[in-house]
$ cat structure_31.cif   # mmCIF, C-alpha atoms
data_final
loop_
_atom_site.label_atom_id
_atom_site.label_comp_id
_atom_site.auth_asym_id
_atom_site.auth_seq_id
_atom_site.Cartn_x
_atom_site.Cartn_y
_atom_site.Cartn_z
CA MET A 228 11.87 33.33 -0.26
CA TRP A 229 8.19 32.47 -0.53
CA ASN A 230 5.63 35.22 -0.42
CA LEU A 231 2.89 33.27 1.37
CA GLY A 232 0.25 34.82 3.55
CA TRP A 233 -0.95 33.07 6.68
CA PHE A 234 -4.00 31.68 4.90
CA GLU A 235 -1.94 30.19 2.08
CA PHE A 236 0.57 28.79 4.58
CA LEU A 237 -2.19 27.09 6.61
CA LYS A 238 -3.78 25.77 3.42
CA LEU A 239 -0.42 24.29 2.38
CA ILE A 240 0.00 22.64 5.80
CA LEU A 241 -3.53 21.18 5.72
CA GLU A 242 -3.12 19.84 2.17
CA LYS A 243 0.15 18.04 2.92
CA PRO A 244 0.25 17.41 6.69
CA ARG A 245 2.71 14.54 6.50
CA TYR A 246 5.36 16.72 4.83
CA PHE A 247 4.91 19.44 7.43
CA SER A 248 5.01 16.81 10.18
CA MET A 249 8.22 15.33 8.74
CA ALA A 250 9.85 18.77 8.66
CA LEU A 251 8.80 19.41 12.27
CA SER A 252 10.14 16.03 13.35
CA ILE A 253 13.52 16.67 11.74
CA VAL A 254 13.87 20.23 13.05
CA THR A 255 12.83 19.38 16.61
CA PHE A 256 15.06 16.30 16.64
CA LEU A 257 18.03 18.40 15.53
CA ILE A 258 17.31 21.03 18.17
CA LEU A 259 17.09 18.34 20.85
CA VAL A 260 20.21 16.41 19.81
CA PHE A 261 22.30 19.14 18.22
CA PRO A 262 24.01 20.47 21.39
CA PHE A 263 25.21 16.98 22.30
CA LEU A 264 26.80 16.48 18.88
CA LEU A 265 28.85 19.66 18.92
CA PRO A 266 32.52 19.65 19.84
CA THR A 267 33.26 21.84 22.87
CA LYS A 268 35.29 24.32 20.80
CA VAL A 269 32.31 25.09 18.56
CA LYS A 270 29.60 25.33 21.24
CA PRO A 271 30.07 29.07 21.90
CA PHE A 272 29.02 29.80 18.29
CA PHE A 273 25.69 28.09 18.88
CA ASP A 274 24.80 29.66 22.24
CA LYS A 275 21.51 31.06 20.90
CA THR A 276 20.37 27.62 19.71
CA ILE A 277 21.32 26.04 23.02
CA GLN A 278 19.50 28.79 24.96
CA LEU A 279 16.43 28.33 22.74
CA ARG A 280 16.51 24.61 23.42
CA GLU A 281 16.78 25.10 27.18
CA ARG A 282 14.06 27.73 27.31
CA PHE A 283 11.48 25.84 25.22
CA PHE A 284 12.55 22.27 25.99
CA SER A 285 9.13 20.96 27.03
CA ALA A 286 7.37 22.56 24.04
CA ILE A 287 9.99 21.14 21.68
CA ILE A 288 9.52 17.67 23.19
CA VAL A 289 5.73 17.91 22.79
CA ILE A 290 6.05 19.06 19.15
CA PHE A 291 8.54 16.27 18.46
CA LEU A 292 6.26 13.63 19.98
CA ILE A 293 3.16 14.86 18.13
CA SER A 294 4.89 15.12 14.76
CA GLY A 295 6.52 11.73 15.29
CA THR A 296 3.14 10.23 16.10
CA VAL A 297 1.68 11.70 12.91
CA GLN A 298 4.55 10.18 10.90
CA LEU A 299 4.12 6.79 12.54
CA THR A 300 0.35 6.86 12.01
CA TYR A 301 0.80 7.73 8.34
CA TYR A 302 3.33 4.93 7.86
CA LEU A 303 1.07 2.36 9.54
CA ALA A 304 -1.98 3.50 7.54
CA VAL A 305 -0.08 3.17 4.25
CA HIS A 306 1.31 -0.21 5.29
CA PHE A 307 -2.09 -1.64 6.27
CA GLU A 308 -3.72 -0.23 3.14
CA TYR A 309 -1.09 -1.98 1.04
CA GLU A 310 -1.67 -5.21 2.95
CA LYS A 311 -5.40 -4.97 2.17
CA LYS A 312 -4.64 -4.48 -1.52
CA ILE A 313 -2.34 -7.50 -1.55
CA GLU A 314 -5.00 -9.56 0.22
CA ARG A 315 -7.45 -8.54 -2.52
CA LEU A 316 -5.08 -9.82 -5.21
CA GLU A 317 -4.93 -13.17 -3.48
CA GLN A 318 -8.72 -13.57 -3.74
CA LEU A 319 -9.22 -13.10 -7.50
CA THR A 320 -12.07 -14.74 -9.39
CA PRO A 321 -11.29 -16.68 -12.61
CA GLU A 322 -12.58 -13.78 -14.78
CA GLU A 323 -10.46 -11.26 -12.88
CA LYS A 324 -7.44 -13.52 -13.32
CA LYS A 325 -8.02 -13.54 -17.09
CA VAL A 326 -8.14 -9.76 -17.20
CA LEU A 327 -5.02 -9.28 -15.08
CA LYS A 328 -3.15 -12.10 -16.81
CA SER A 329 -3.44 -10.24 -20.11
CA PHE A 330 -1.63 -7.25 -18.57
CA ILE A 331 1.20 -9.42 -17.27
CA SER A 332 1.55 -11.70 -20.29
CA LYS A 333 1.63 -8.77 -22.75
CA LYS A 334 3.94 -6.81 -20.41
CA LYS A 335 1.76 -3.72 -20.80
CA ILE A 336 0.06 -1.55 -18.23
CA ASN A 337 -2.97 -0.90 -20.46
CA GLY A 338 -5.50 -2.97 -22.32
CA CYS A 339 -9.00 -2.92 -23.80
CA TRP A 340 -11.83 -5.36 -23.08
CA ASP A 341 -15.30 -6.19 -24.23
CA GLN A 342 -17.50 -4.68 -21.55
CA TYR A 343 -20.22 -7.30 -21.95
CA ARG A 344 -17.86 -10.25 -21.65
CA PHE A 345 -15.85 -9.07 -18.63
CA ASP A 346 -18.17 -6.45 -17.13
CA GLY A 347 -18.34 -7.91 -13.61
CA ALA A 348 -14.61 -8.55 -13.36
CA LEU A 349 -13.72 -5.11 -14.74
CA LYS A 350 -16.10 -3.30 -12.39
CA ALA A 351 -14.86 -5.25 -9.36
CA LEU A 352 -11.20 -4.58 -10.17
CA GLU A 353 -11.96 -0.92 -10.82
CA ARG A 354 -13.90 -0.62 -7.56
CA ASP A 355 -10.99 -2.12 -5.64
CA ASN A 356 -8.46 0.23 -7.29
CA VAL A 357 -6.57 -2.52 -9.09
CA ILE A 358 -7.30 -1.04 -12.52
CA TYR A 359 -8.73 2.28 -13.68
CA LEU A 360 -10.64 3.39 -16.76
CA ILE A 361 -8.62 5.45 -19.23
CA TYR A 362 -10.76 5.44 -22.35
CA GLU A 363 -14.24 4.56 -23.49
CA GLU A 364 -14.58 4.25 -27.26
CA PRO A 365 -17.58 6.29 -28.48
CA LYS A 366 -17.91 4.28 -31.72
CA TRP A 367 -17.83 0.98 -29.85
CA PRO A 368 -19.46 1.64 -26.47
CA TRP A 369 -18.96 -1.97 -25.44
CA THR A 370 -15.17 -1.58 -25.51
CA ARG A 371 -13.36 -0.01 -22.56
CA CYS A 372 -9.64 0.56 -22.03
CA TYR A 373 -8.03 0.30 -18.62
CA ASN A 374 -4.65 0.78 -16.99
CA ILE A 375 -3.45 -1.45 -14.20
CA GLU A 376 -2.15 0.25 -11.07
CA ARG A 377 1.63 0.13 -10.80
CA TRP A 378 1.63 -1.57 -7.39
CA ALA A 379 -0.63 -4.33 -8.74
CA TYR A 380 1.42 -4.77 -11.91
CA SER A 381 4.71 -5.12 -10.04
CA TYR A 382 3.20 -7.43 -7.40
CA LEU A 383 1.65 -9.70 -10.03
CA GLN A 384 4.92 -9.82 -11.96
CA GLU A 385 6.68 -10.95 -8.79
CA ASN A 386 3.91 -13.43 -7.93
CA PRO A 387 2.58 -14.97 -11.16
CA ARG A 388 1.16 -17.92 -9.18
CA LEU A 389 -1.79 -15.66 -8.26
CA LEU A 390 -2.97 -15.72 -11.87
CA ASP A 391 -2.91 -19.51 -12.32
#

$ encode --input "structure_31.cif" --output "structure tokens"
Amino acid sequence: MWNLGWFEFLKLILEKPRYFSMALSIVTFLILVFPFLLPTKVKPFFDKTIQLRERFFSAIIVIFLISGTVQLTYYLAVHFEYEKKIERLEQLTPEEKKVLKSFISKKKINGCWDQYRFDGALKALERDNVIYLIYEEPKWPWTRCYNIERWAYSYLQENPRLLD
């Protein structure tokens, strides 16, 4: 198995809390529901699990509720963040529409633009995480290459009316 010390284990939990929370939710749910799902002939083989459940029932409930709350909070945060991003795409300026339309019309996720011509639109889209800088040409410092975020690309493909 893994050879993790306590410090590494805690670091792993703190880096990816939603995965740890999901695992806790699943395990505690199974411990809570498992005895009810077993046929009566098989229950004697799982006496230790049933005793563990009965002994630590309140702690298991608390852990289940906390981990479930973390999962729900994460889901809602992601959902509302996505809604904000979509709202941003529905408020594009004409210059931003030109930039994004070139991604969609060429069916590419990357493109290069003249920084002086589209500087405001490019900076605004980059600030709002719609596009991101991938390359700045040293020979031509006025030219910058960007990628469009996948969520924005797919949403704009599904809703081309936003670019009209």

$ atom_distance --input "structure_31.cif" --atom1 "atom CA of Gly347 of chain A" --atom2 "atom CA of Leu389 of chain A"
19.0 Å

$ closest_residue --input "structure_31.cif" --among "A:Leu264, A:Leu390, A:Leu299, A:Ile287" --to "Lys325 of chain A" --atoms "only C-alpha atoms"
A:Leu390

$ closest_residue --input "structure_31.cif" --among "A:Trp340, A:Asp346, A:Leu352, A:Leu319" --to "Arg388 of chain A" --atoms "all atoms listed in the file"
A:Leu319

$ resolve_selection --input "structure_31.cif" --expression "the PyMOL selection byres ((chain A and resi 250) around 12)" --output "ChimeraX atom specification"
/A:240,243-249,251-257,290-291,294-295,297-298

$ residues_around --input "structure_31.cif" --residues "Glu314 of chain A" --least-positions-apart "6" --cutoff "12 Å" --atoms "all atoms listed in the file" --output "ChimeraX atom specification"
/A:307-308,355,357,379,382,389

$ write_last_selection --input "structure_31.cif" --atoms "C-alpha atoms" --output "short mmCIF file (atom, residue, chain, number, x, y, z; two decimals), keeping the file's coordinate frame"
data_model
loop_
_atom_site.label_atom_id
_atom_site.label_comp_id
_atom_site.auth_asym_id
_atom_site.auth_seq_id
_atom_site.Cartn_x
_atom_site.Cartn_y
_atom_site.Cartn_z
CA PHE A 307 -2.09 -1.64 6.27
CA GLU A 308 -3.72 -0.23 3.14
CA ASP A 355 -10.99 -2.12 -5.64
CA VAL A 357 -6.57 -2.52 -9.09
CA ALA A 379 -0.63 -4.33 -8.74
CA TYR A 382 3.20 -7.43 -7.40
CA LEU A 389 -1.79 -15.66 -8.26
#

$ closest_residue --input "structure_31.cif" --among "A:Asn386, A:Val289, A:Phe330, A:Phe263" --to "Ile277 of chain A" --atoms "only C-alpha atoms"
A:Phe263

$ atom_distance --input "structure_31.cif" --atom1 "atom CA of Tyr362 of chain A" --atom2 "atom CA of Gln342 of chain A"
12.2 Å

$ resolve_selection --input "structure_31.cif" --expression "the PyMOL selection byres ((chain A and resi 334) around 12)" --output "PyMOL selection string"
chain A and resi 327-333+335-338+374-375+380-381+383-384

$ atom_distance --input "structure_31.cif" --atom1 "atom CA of Arg280 of chain A" --atom2 "atom CA of Ile258 of chain A"
6.4 Å

$ residues_around --input "structure_31.cif" --residues "Ile361 of chain A" --least-positions-apart "5" --cutoff "8 Å" --atoms "all atoms listed in the file" --output "list in words"
Arg371, Cys372, Tyr373 and Asn374 of chain A

$ closest_residue --input "structure_31.cif" --among "A:Arg315, A:His306, A:Ala351, A:Leu259" --to "Leu292 of chain A" --atoms "only C-alpha atoms"
A:Leu259

$ closest_residue --input "structure_31.cif" --among "A:Lys311, A:Tyr301, A:Thr320, A:Glu235" --to "Leu349 of chain A" --atoms "only C-alpha atoms"
A:Thr320
